[in-house]
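Q: This one is target_29.tsv, TSV, C-alpha atoms.
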chain	number	residue	atom	x	y	z
A	1	MET	CA	10.52	-26.44	-39.10
A	2	ASN	CA	14.12	-25.72	-38.18
A	3	LEU	CA	15.33	-22.25	-37.31
A	4	LYS	CA	18.72	-20.96	-38.43
A	5	GLY	CA	19.25	-19.02	-35.23
A	6	ASN	CA	20.06	-20.95	-32.07
A	7	ILE	CA	17.04	-19.61	-30.25
A	8	SER	CA	14.52	-21.17	-28.01
A	9	LYS	CA	10.82	-20.49	-28.03
A	10	LEU	CA	9.38	-18.38	-25.24
A	11	PRO	CA	6.25	-19.82	-23.77
A	12	VAL	CA	3.56	-17.30	-24.58
A	13	ASP	CA	-0.21	-17.64	-24.73
A	14	PHE	CA	-2.56	-15.51	-26.75
A	15	TYR	CA	-5.95	-14.62	-25.30
A	16	PRO	CA	-8.64	-12.84	-27.27
A	17	ILE	CA	-10.65	-10.85	-24.73
A	18	THR	CA	-13.99	-9.44	-25.78
A	19	ALA	CA	-15.89	-6.52	-24.26
A	20	THR	CA	-18.40	-9.08	-22.98
A	21	ASP	CA	-15.58	-10.91	-21.13
A	22	VAL	CA	-14.60	-7.60	-19.51
A	23	VAL	CA	-18.15	-6.84	-18.38
A	24	ARG	CA	-18.64	-10.41	-17.13
A	25	HIS	CA	-15.44	-10.24	-15.07
A	26	LEU	CA	-16.54	-6.94	-13.53
A	27	GLU	CA	-19.95	-8.46	-12.72
A	28	ASP	CA	-18.24	-11.48	-11.14
A	29	GLN	CA	-16.18	-9.20	-8.92
A	30	LEU	CA	-19.15	-7.08	-7.89
A	31	GLY	CA	-21.83	-9.74	-7.68
A	32	PHE	CA	-24.51	-7.86	-9.61
A	33	ARG	CA	-25.35	-7.01	-13.20
A	34	VAL	CA	-23.66	-4.00	-14.73
A	35	HIS	CA	-24.79	-2.07	-17.76
A	36	ALA	CA	-21.76	-0.91	-19.72
A	37	ASP	CA	-20.70	0.38	-23.09
A	38	PHE	CA	-17.35	0.97	-24.77
A	39	SER	CA	-16.04	3.59	-27.20
A	40	VAL	CA	-12.77	3.68	-29.06
A	41	TRP	CA	-10.90	6.96	-28.77
A	42	ASP	CA	-8.35	6.91	-31.52
A	43	ASN	CA	-5.72	9.54	-32.04
A	44	ARG	CA	-5.79	9.31	-35.81
A	45	SER	CA	-5.65	12.66	-37.57
A	46	PRO	CA	-8.18	13.27	-40.34
A	47	TRP	CA	-5.48	13.12	-43.07
A	48	GLU	CA	-4.18	9.72	-42.03
A	49	LYS	CA	-5.06	6.56	-43.90
A	50	PRO	CA	-8.15	4.83	-42.51
A	51	ASP	CA	-6.16	1.68	-41.78
A	52	ASN	CA	-3.53	3.57	-39.80
A	53	ARG	CA	-5.08	3.41	-36.37
A	54	GLY	CA	-2.09	4.62	-34.43
A	55	SER	CA	-2.70	3.91	-30.77
A	56	SER	CA	-6.22	3.99	-29.50
A	57	TYR	CA	-7.80	3.94	-26.11
A	58	VAL	CA	-10.98	2.14	-25.21
A	59	ILE	CA	-13.09	3.93	-22.65
A	60	MET	CA	-15.71	2.07	-20.70
A	61	ARG	CA	-18.82	3.64	-19.20
A	62	ALA	CA	-20.74	1.71	-16.61
A	63	ILE	CA	-24.03	2.41	-14.90
A	64	PHE	CA	-25.39	0.90	-11.73
A	65	ARG	CA	-28.74	0.65	-10.02
A	66	PRO	CA	-28.87	2.58	-6.71
A	67	GLN	CA	-29.81	-0.54	-4.71
A	68	ASP	CA	-26.61	-2.28	-5.86
A	69	ILE	CA	-24.13	0.33	-4.76
A	70	THR	CA	-25.64	2.41	-1.98
A	71	ILE	CA	-26.58	1.62	1.59
A	72	PRO	CA	-30.37	1.94	1.85
A	73	THR	CA	-31.48	4.62	4.25
A	74	GLN	CA	-35.11	5.20	5.09
A	75	SER	CA	-35.18	8.49	6.81
A	76	GLN	CA	-38.44	9.79	8.26
A	77	ASN	CA	-37.12	13.30	8.01
A	78	TYR	CA	-38.44	15.12	4.93
A	79	MET	CA	-35.35	17.25	4.46
A	80	GLU	CA	-33.06	14.24	4.68
A	81	ARG	CA	-35.16	12.36	2.13
A	82	LEU	CA	-34.95	15.39	-0.15
A	83	VAL	CA	-31.17	15.59	0.22
A	84	GLN	CA	-30.84	11.84	-0.48
A	85	ALA	CA	-33.08	12.10	-3.53
A	86	SER	CA	-30.74	14.69	-4.99
A	87	GLY	CA	-27.86	12.28	-4.68
A	88	ALA	CA	-26.12	14.18	-1.88
A	89	GLY	CA	-25.34	12.50	1.42
A	90	ILE	CA	-25.33	9.09	-0.22
A	91	GLN	CA	-23.45	6.32	1.50
A	92	TYR	CA	-21.88	3.92	-0.93
A	93	GLN	CA	-21.32	0.26	-0.13
A	94	LYS	CA	-17.69	0.23	0.90
A	95	ASP	CA	-16.89	-3.17	-0.63
A	96	VAL	CA	-18.31	-2.19	-4.00
A	97	ILE	CA	-16.40	1.08	-4.13
A	98	GLU	CA	-13.16	-0.70	-3.10
A	99	ILE	CA	-13.56	-3.09	-6.04
A	100	LEU	CA	-14.50	-0.35	-8.51
A	101	LYS	CA	-11.64	1.91	-7.39
A	102	LYS	CA	-9.14	-0.54	-8.86
A	103	PHE	CA	-10.64	0.05	-12.29
A	104	MET	CA	-11.46	3.77	-12.08
A	105	PHE	CA	-9.39	6.72	-13.22
A	106	PRO	CA	-7.20	8.42	-10.60
A	107	GLN	CA	-9.22	10.64	-8.28
A	108	ASP	CA	-6.77	13.48	-8.90
A	109	MET	CA	-7.07	13.24	-12.68
A	110	ALA	CA	-7.23	17.06	-12.94
A	111	ARG	CA	-3.58	17.24	-11.85
A	112	VAL	CA	-2.40	16.19	-15.31
A	113	GLN	CA	-3.18	19.72	-16.53
A	114	ASN	CA	0.10	20.79	-14.94
A	115	MET	CA	2.04	17.82	-16.29
A	116	PRO	CA	2.94	18.42	-19.96
A	117	GLU	CA	4.64	15.04	-20.41
A	118	GLU	CA	1.63	13.21	-19.05
A	119	LEU	CA	-0.69	15.28	-21.25
A	120	GLN	CA	1.40	14.34	-24.26
A	121	ARG	CA	1.32	10.66	-23.32
A	122	LEU	CA	-2.45	10.72	-22.91
A	123	ALA	CA	-2.87	12.60	-26.20
A	124	LYS	CA	-0.87	9.89	-27.97
A	125	MET	CA	-3.40	7.39	-26.66
A	126	GLY	CA	-6.30	9.48	-27.91
A	127	ILE	CA	-7.19	11.10	-24.58
A	128	TYR	CA	-7.20	14.86	-25.15
A	129	GLY	CA	-9.52	17.86	-25.49
A	130	GLU	CA	-13.13	17.26	-24.56
A	131	ARG	CA	-12.42	13.59	-23.78
A	132	LEU	CA	-9.82	14.51	-21.18
A	133	LYS	CA	-12.01	17.28	-19.78
A	134	GLU	CA	-14.85	14.80	-19.28
A	135	LEU	CA	-12.55	12.41	-17.39
A	136	MET	CA	-11.23	15.24	-15.23
A	137	ARG	CA	-14.79	16.39	-14.51
A	138	ARG	CA	-15.98	12.92	-13.53
A	139	PRO	CA	-13.17	10.75	-12.18
A	140	ASN	CA	-15.48	9.51	-9.39
A	141	MET	CA	-18.85	7.86	-9.25
A	142	PHE	CA	-21.62	10.28	-10.22
A	143	TYR	CA	-25.37	10.29	-9.76
A	144	GLU	CA	-27.93	11.07	-12.44
A	145	PRO	CA	-31.03	12.15	-10.47
A	146	ILE	CA	-33.45	12.20	-13.41
A	147	LYS	CA	-32.74	8.57	-14.33
A	148	ASP	CA	-31.92	7.60	-10.73
A	149	HIS	CA	-28.79	5.74	-11.76
A	150	TYR	CA	-25.12	5.93	-10.82
A	151	GLY	CA	-22.35	5.94	-13.37
A	152	CYS	CA	-18.61	6.04	-13.73
A	153	TYR	CA	-15.88	5.79	-16.31
A	154	LEU	CA	-13.74	2.69	-16.05
A	155	ARG	CA	-10.45	1.52	-17.51
A	156	PRO	CA	-11.03	-1.76	-19.34
A	157	GLU	CA	-7.27	-2.45	-19.51
A	158	ARG	CA	-7.22	-2.54	-15.69
A	159	ILE	CA	-10.06	-5.07	-15.69
A	160	ILE	CA	-8.15	-7.15	-18.27
A	161	TYR	CA	-5.01	-7.13	-16.10
A	162	ASP	CA	-7.14	-8.21	-13.13
A	163	MET	CA	-8.32	-11.21	-15.16
A	164	PHE	CA	-4.71	-12.39	-15.39
A	165	ILE	CA	-4.03	-12.57	-11.65
A	166	ASP	CA	-2.56	-15.94	-10.72
A	167	THR	CA	-4.71	-17.32	-7.93
A	168	ASP	CA	-2.12	-20.02	-7.17
A	169	ALA	CA	0.72	-17.55	-6.56
A	170	ALA	CA	2.32	-17.24	-3.15
A	171	THR	CA	1.39	-13.57	-2.78
A	172	PRO	CA	-1.98	-11.98	-3.48
A	173	ASN	CA	-2.58	-10.07	-6.71
A	174	THR	CA	0.40	-11.61	-8.50
A	175	MET	CA	0.14	-11.62	-12.26
A	176	ALA	CA	0.32	-14.99	-14.01
A	177	GLY	CA	3.17	-13.61	-16.13
A	178	LYS	CA	3.96	-10.53	-18.14
A	179	VAL	CA	0.73	-9.32	-19.68
A	180	ASP	CA	0.81	-7.29	-22.90
A	181	ILE	CA	-2.25	-5.94	-24.64
A	182	VAL	CA	-0.95	-6.04	-28.19
A	183	LYS	CA	-3.93	-5.69	-30.41
A	184	LEU	CA	-7.26	-3.94	-30.52
A	185	GLU	CA	-10.01	-4.86	-32.91
A	186	ASP	CA	-12.81	-2.37	-32.75
A	187	SER	CA	-16.07	-2.34	-34.57
A	188	ASP	CA	-19.22	-0.29	-34.78
A	189	GLN	CA	-20.77	-2.36	-32.05
A	190	ALA	CA	-19.33	-1.96	-28.56
A	191	GLU	CA	-19.94	-5.65	-27.79
A	192	THR	CA	-17.58	-6.81	-30.53
A	193	ILE	CA	-14.55	-4.80	-29.46
A	194	LYS	CA	-11.79	-7.30	-28.92
A	195	TRP	CA	-8.36	-7.08	-27.31
A	196	GLY	CA	-5.48	-9.39	-28.14
A	197	VAL	CA	-3.56	-10.17	-24.98
A	198	LEU	CA	-0.23	-11.96	-24.72
A	199	LEU	CA	0.63	-13.73	-21.51
A	200	TRP	CA	4.36	-14.38	-21.24
A	201	HIS	CA	5.47	-17.04	-18.80
A	202	GLY	CA	8.82	-16.83	-17.06
A	203	THR	CA	11.26	-13.97	-17.32
A	204	VAL	CA	11.06	-11.80	-20.38
A	205	GLY	CA	13.51	-9.18	-21.61
A	206	GLN	CA	16.35	-10.20	-19.32
A	207	SER	CA	19.78	-8.93	-20.26
A	208	ILE	CA	22.26	-11.58	-21.29
A	209	GLY	CA	25.82	-12.02	-20.02
A	210	ASN	CA	27.31	-11.25	-16.69
A	211	TYR	CA	29.88	-8.46	-16.58
A	212	GLY	CA	29.14	-7.31	-13.07
A	213	VAL	CA	27.42	-4.18	-14.38
A	214	THR	CA	23.87	-3.66	-15.49
A	215	ILE	CA	23.07	-2.46	-18.98
A	216	ASP	CA	21.44	0.65	-17.51
A	217	ASP	CA	24.72	1.60	-15.81
A	218	VAL	CA	26.31	2.00	-19.23
A	219	PHE	CA	23.43	3.31	-21.29
A	220	GLN	CA	21.89	6.25	-19.49
A	221	GLN	CA	18.80	6.16	-21.64
A	222	GLN	CA	16.45	3.42	-22.72
A	223	ILE	CA	16.28	2.58	-26.42
A	224	PRO	CA	13.54	4.80	-27.88
A	225	ARG	CA	10.62	2.79	-29.22
B	226	MET	CA	-24.32	-19.74	-8.51
B	227	SER	CA	-22.94	-17.54	-5.75
B	228	PHE	CA	-19.88	-18.73	-3.88
B	229	ALA	CA	-21.80	-19.03	-0.61
B	230	GLU	CA	-24.37	-21.29	-2.30
B	231	PHE	CA	-21.58	-23.40	-3.77
B	232	CYS	CA	-19.96	-23.76	-0.33
B	233	SER	CA	-23.20	-24.85	1.35
B	234	LYS	CA	-23.69	-27.47	-1.37
B	235	PHE	CA	-20.04	-28.55	-1.25
B	236	CYS	CA	-20.00	-29.00	2.54
B	237	ASP	CA	-22.44	-30.93	4.69
B	238	GLN	CA	-23.90	-27.90	6.53
B	239	VAL	CA	-23.09	-29.38	9.92
B	240	GLN	CA	-21.69	-27.11	12.62
B	241	LEU	CA	-18.18	-28.39	13.26
B	242	THR	CA	-16.07	-28.16	16.38
B	243	ILE	CA	-12.35	-28.58	15.97
B	244	PRO	CA	-9.85	-29.22	18.80
B	245	ASP	CA	-7.84	-26.28	20.12
B	246	VAL	CA	-5.02	-25.36	17.80
B	247	PRO	CA	-1.68	-24.35	19.35
B	248	THR	CA	-0.96	-20.77	18.37
B	249	GLU	CA	2.78	-20.59	19.22
B	250	SER	CA	4.10	-22.51	16.25
B	251	SER	CA	2.65	-23.58	12.95
B	252	GLU	CA	2.78	-27.14	11.74
B	253	LEU	CA	1.49	-26.22	8.32
B	254	GLU	CA	3.81	-26.65	5.38
B	255	LEU	CA	5.30	-23.42	4.06
B	256	ASP	CA	3.61	-23.83	0.68
B	257	ILE	CA	0.20	-24.26	2.33
B	258	LEU	CA	0.82	-21.19	4.50
B	259	LYS	CA	1.82	-19.09	1.49
B	260	ARG	CA	-1.22	-20.24	-0.47
B	261	MET	CA	-3.45	-19.43	2.49
B	262	HIS	CA	-2.15	-15.87	2.86
B	263	ALA	CA	-2.38	-15.29	-0.91
B	264	LEU	CA	-5.94	-16.61	-1.01
B	265	ILE	CA	-7.01	-14.42	1.90
B	266	GLY	CA	-5.54	-11.42	0.03
B	267	ASN	CA	-7.26	-12.38	-3.22
B	268	VAL	CA	-10.74	-12.82	-1.76
B	269	GLN	CA	-10.53	-10.07	0.88
B	270	LEU	CA	-12.58	-7.55	-1.09
B	271	GLN	CA	-15.29	-10.10	-1.82
B	272	LYS	CA	-15.59	-11.63	1.64
B	273	ASN	CA	-18.76	-9.72	2.56
B	274	ARG	CA	-20.29	-10.47	-0.81
B	275	PHE	CA	-19.84	-14.25	-1.02
B	276	ASN	CA	-23.63	-14.58	-1.22
B	277	GLN	CA	-23.52	-12.56	-4.46
B	278	VAL	CA	-20.22	-13.20	-6.21
B	279	PRO	CA	-19.13	-16.39	-7.97
B	280	MET	CA	-15.55	-17.55	-7.45
B	281	HIS	CA	-14.86	-19.39	-10.67
B	282	PHE	CA	-11.20	-20.02	-9.92
B	283	ILE	CA	-12.18	-21.97	-6.79
B	284	THR	CA	-15.32	-23.71	-8.02
B	285	ASN	CA	-13.66	-24.80	-11.28
B	286	ARG	CA	-10.84	-26.44	-9.37
B	287	LEU	CA	-13.25	-28.27	-7.07
B	288	SER	CA	-15.69	-29.30	-9.79
B	289	ASP	CA	-14.18	-32.77	-10.25
B	290	LEU	CA	-15.10	-34.51	-6.99
B	291	ASP	CA	-13.06	-37.63	-7.79
B	292	GLU	CA	-9.96	-35.50	-8.14
B	293	VAL	CA	-10.73	-33.60	-4.95
B	294	ARG	CA	-11.07	-36.89	-3.08
B	295	LYS	CA	-7.83	-38.19	-4.59
B	296	CYS	CA	-5.93	-35.03	-3.59
B	297	LEU	CA	-7.33	-35.07	-0.04
B	298	ASP	CA	-6.54	-38.79	0.35
B	299	SER	CA	-2.93	-38.17	-0.52
B	300	TYR	CA	-2.52	-35.34	1.99
B	301	HIS	CA	-2.25	-35.17	5.78
B	302	ASN	CA	-3.85	-38.55	6.56
B	303	GLY	CA	-6.66	-37.75	4.16
B	304	ASP	CA	-7.84	-34.72	6.09
B	305	VAL	CA	-7.71	-30.96	5.99
B	306	PRO	CA	-5.56	-29.81	8.94
B	307	ASP	CA	-7.48	-28.16	11.78
B	308	GLU	CA	-4.84	-25.46	11.91
B	309	LEU	CA	-5.63	-24.48	8.33
B	310	LEU	CA	-9.33	-24.09	9.17
B	311	GLU	CA	-8.52	-22.03	12.26
B	312	SER	CA	-5.95	-19.82	10.52
B	313	LEU	CA	-8.26	-19.18	7.56
B	314	SER	CA	-11.11	-18.30	9.88
B	315	MET	CA	-8.96	-15.87	11.86
B	316	GLY	CA	-7.37	-14.44	8.71
B	317	LEU	CA	-10.62	-13.83	6.87
B	318	TYR	CA	-13.25	-13.20	9.53
B	319	GLU	CA	-11.08	-12.54	12.60
B	320	TYR	CA	-13.05	-15.07	14.65
B	321	PRO	CA	-12.09	-18.62	15.74
B	322	PHE	CA	-13.50	-21.36	13.52
B	323	ASN	CA	-15.60	-22.90	16.31
B	324	SER	CA	-17.37	-19.61	17.01
B	325	ILE	CA	-18.62	-18.81	13.50
B	326	ARG	CA	-21.97	-19.81	12.04
B	327	VAL	CA	-22.29	-22.90	9.88
B	328	GLU	CA	-22.59	-20.97	6.58
B	329	TYR	CA	-19.30	-19.22	7.34
B	330	GLN	CA	-17.73	-22.52	8.40
B	331	ASN	CA	-18.76	-23.94	5.02
B	332	ILE	CA	-16.95	-21.10	3.28
B	333	ILE	CA	-13.81	-21.67	5.35
B	334	GLU	CA	-13.94	-25.45	4.75
B	335	THR	CA	-14.30	-24.94	0.99
B	336	LEU	CA	-11.39	-22.49	0.91
B	337	ALA	CA	-9.28	-24.94	2.92
B	338	VAL	CA	-10.07	-27.81	0.54
B	339	TYR	CA	-9.21	-25.54	-2.41
B	340	ILE	CA	-5.81	-24.78	-0.87
B	341	VAL	CA	-5.02	-28.45	-0.22
B	342	VAL	CA	-6.17	-29.55	-3.69
B	343	SER	CA	-4.10	-26.79	-5.36
B	344	HIS	CA	-1.08	-27.72	-3.26
B	345	VAL	CA	-1.31	-31.44	-4.05
B	346	ARG	CA	-2.00	-30.90	-7.75
B	347	ASP	CA	0.92	-28.52	-8.14
B	348	SER	CA	3.31	-30.82	-6.24
B	349	ILE	CA	2.34	-33.69	-8.58
B	350	ASN	CA	2.88	-31.51	-11.66
B	351	LYS	CA	6.29	-30.25	-10.51
Translate this structure into C-alpha cells?

A:
Amino acid sequence: MNLKGNISKLPVDFYPITATDVVRHLEDQLGFRVHADFSVWDNRSPWEKPDNRGSSYVIMRAIFRPQDITIPTQSQNYMERLVQASGAGIQYQKDVIEILKKFMFPQDMARVQNMPEELQRLAKMGIYGERLKELMRRPNMFYEPIKDHYGCYLRPERIIYDMFIDTDAATPNTMAGKVDIVKLEDSDQAETIKWGVLLWHGTVGQSIGNYGVTIDDVFQQQIPR
Amino acid sequence: MSFAEFCSKFCDQVQLTIPDVPTESSELELDILKRMHALIGNVQLQKNRFNQVPMHFITNRLSDLDEVRKCLDSYHNGDVPDELLESLSMGLYEYPFNSIRVEYQNIIETLAVYIVVSHVRDSINK
C-alpha cells in the first residue's frame, strides 16, 4: 500500500477492555474479590434510531464484604455494638478507601446542581434526572444493614485509565501515552460490555510550524467538535 | 499469588545485613534513582497489602529467571547496589534495610531486582 499524502503512521495500539478486565484490575489493586455490575446509561431519545447510540456512560456498582473494608472492632459495650451494627461509627481500612477514592465520583457531586454547564455535559453523557440524583445521594461508600454489605458507585473509565499507567516511567502514575476510549460495545449482559481503547505513543495533536506564536494566541476559541 | 508470597519465593528468606551506606551523596545512576522514586509512588497505596495484592507488572518482568540473571550479570559487578536496597527500604517503609524483618527485606530485594532488570532491559532496547 502506498499513500498519496506524505504522511507517516502514528504508533497507536488498540486494546479491547472487557468489564471482566475492569473488575479484575480493581480486585488486583484491592487484594480481595469484588462483586460488581455495570449498566449503560445512554442519552438516546425515544425517537432516535436504535443504532444511534449517541454518547453513553457506563456506571459500575460494586459491593464489598464488611471484613474486607472495615477495621474489625469487638466492643464489649452493648450500645457500641448496636451503633456498629447499624453501620454508624464504622472505621474503614484507610488503604482500601485510598485506592477506591481514585475510582469514585467526587465527594461534592451535589455541587453540580449549581453548575448549568456541568449539568449539560453530564446530560450529554446520559447522566441526568434520577440517575444524577442517585449519584448525588450516594457519592461515598454506603452500608446496607439488612444485607450487611457495603457498596459504592465507581467510574469504570477511571479504572481503565489506571490500567494504562506506565510502570517504567520516571514519575509515578504516568500514563503510557495518550489514552482514548473510542468505542463502547454494550450488551444485555453486564459481563460482555466492552470498551475500545486507543493508546497513542509519543506526542499527538502537536501544532506544526514555528512562527513564535501559539495557535491559541491567534484563535481565541477551540474548534468546536 | 500475592506479591509477598512471590517475594518470599523469589528471595532466599535469609536475613541480610548490608554495609553502612553513605547518606551524603548518591552513587546510583540517575535512571535507577528515577525508577526507584516512580516505583515507590506506584506501589505506595499497596504497601500494607502486599500479602493480598498481586503485582503483575513486577512478577511478569521477573518471570524469566535466565533473563533476570543475564540483566543482573551485566550490571554493577553482577549485584544489586546496597544503596538501592537502603534507599528503597527508607522510601517505602521508613526504616533502614538492616532493621526490617526478613519478609520485608524480601519485598525490598525483589523491588530492587525489578528496577535493575527494567533499567538494563530498557538500556539494551534503546

Q: Contacts from chain A to chain B, 12 Å maximum, all atoms listed in the file: show me the residue list as a ChimeraX atom specification.

A: /A:24-33,68,93-102,162-175

Q: By how many Å are CA of Leu10 (chain A) and CA of His201 (chain A) apart?

A: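 Interatomic distance, CA of Leu10 (chain A) to CA of His201 (chain A): 7.7 Å.
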
Q: Taking only C-alpha atoms into account, name the residue in A:Phe14, A:Gly126, A:Asn6, A:Lys178 that is nearest to Asp42 (chain A).

A: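 Nearest candidate to Asp42 (chain A) out of A:Phe14, A:Gly126, A:Asn6, A:Lys178: A:Gly126.
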
Q: So which residues are close to (-2.3, -2.5, -27.8), meaning at most 8 Å away in the file's coordinates with only C-alpha atoms counted, and can you show them as a list in words?

A: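 The distance filter leaves exactly Ser55, Ser56, Asp180, Ile181, Val182, Lys183, Leu184, Trp195 and Gly196 of chain A.
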
Q: Give the centre and edge lengths of an axis-aligned box, in Å to one decimal, that holds all listed atoms of region 338-349 of chain B with 6 Å on each side, as lines of an AutoDock Vina configuration file.

A:
center_x = -3.4
center_y = -29.2
center_z = -4.0
size_x = 25.4
size_y = 20.9
size_z = 21.1

Q: Can you measure CA of Ile59 (chain A) to CA of Ser39 (chain A) for me? One decimal in Å is fine.

A: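 Computing the Euclidean distance for CA of Ile59 (chain A) and CA of Ser39 (chain A) yields 5.4 Å.
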
Q: If you measure from CA of Pro16 (chain A) to CA of Leu287 (chain B), what distance in Å do you get, rounded to one decimal?

A: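 Rounded to one decimal, the two atoms are 25.8 Å apart.
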
Q: Which residues, written as a ChimeraX atom specification, have at least one atom at most 9 Å from Asp13 (chain A), with only C-alpha atoms counted and residues fewer than 6 positions away on the same chain left out?

A: /A:197-201

Q: Anything within 9 Å of (0.2, -24.8, 12.2): list those residues as an MDAnalysis selection string, counting all atoms listed in the file and sticking to the file's coordinates.

A: chainID B and resid 246:254 258 306:309 312

Q: Since we have the selection now, will you write its residues out, keeping C-alpha atoms, as a PDB file, in the frame of the given file?

A:
ATOM      1  CA  VAL B 246      -5.020 -25.360  17.800  1.00  0.00           C
ATOM      2  CA  PRO B 247      -1.680 -24.350  19.350  1.00  0.00           C
ATOM      3  CA  THR B 248      -0.960 -20.770  18.370  1.00  0.00           C
ATOM      4  CA  GLU B 249       2.780 -20.590  19.220  1.00  0.00           C
ATOM      5  CA  SER B 250       4.100 -22.510  16.250  1.00  0.00           C
ATOM      6  CA  SER B 251       2.650 -23.580  12.950  1.00  0.00           C
ATOM      7  CA  GLU B 252       2.780 -27.140  11.740  1.00  0.00           C
ATOM      8  CA  LEU B 253       1.490 -26.220   8.320  1.00  0.00           C
ATOM      9  CA  GLU B 254       3.810 -26.650   5.380  1.00  0.00           C
ATOM     10  CA  LEU B 258       0.820 -21.190   4.500  1.00  0.00           C
ATOM     11  CA  PRO B 306      -5.560 -29.810   8.940  1.00  0.00           C
ATOM     12  CA  ASP B 307      -7.480 -28.160  11.780  1.00  0.00           C
ATOM     13  CA  GLU B 308      -4.840 -25.460  11.910  1.00  0.00           C
ATOM     14  CA  LEU B 309      -5.630 -24.480   8.330  1.00  0.00           C
ATOM     15  CA  SER B 312      -5.950 -19.820  10.520  1.00  0.00           C
TER      16      SER B 312
END

Q: So that I can check the surroundings of region 296-301 of chain B, please list as a list in words every protein, DNA and RNA residue that reaches within 8 Å of it, counting only C-alpha atoms and ignoring chain neighbours fewer than 5 positions away.

A: Pro306, Val338, Val341, Val342, Val345 and Arg346 of chain B

Q: Between A:Arg155, A:Arg111, A:Lys4, A:Lys147, single out the one closest to Arg65 (chain A), counting all atoms listed in the file.

A: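 Comparing A:Arg155, A:Arg111, A:Lys4, A:Lys147 against Arg65 (chain A), the winner is A:Lys147.
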
Q: Tell me which protein, DNA and RNA residues are within 9 Å of region 114-119 of chain A, counting all atoms listed in the file, leaving out same-chain ones fewer than 5 positions away, and put them as a VMD selection string.

A: chain A and resid 124 127 to 128

Q: Include C-alpha atoms and write out the residues we just selected as a CSV table (one decimal), in the frame of the given file.

A:
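Writing done, so here's again_17.csv:
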chain,number,residue,atom,x,y,z
A,124,LYS,CA,-0.9,9.9,-28.0
A,127,ILE,CA,-7.2,11.1,-24.6
A,128,TYR,CA,-7.2,14.9,-25.2

Q: Determine the nearest neighbour of Lys234 (chain B) from the options B:Glu311, B:Tyr318, B:Ser348, B:Ile332, counting only C-alpha atoms.

A: B:Ile332
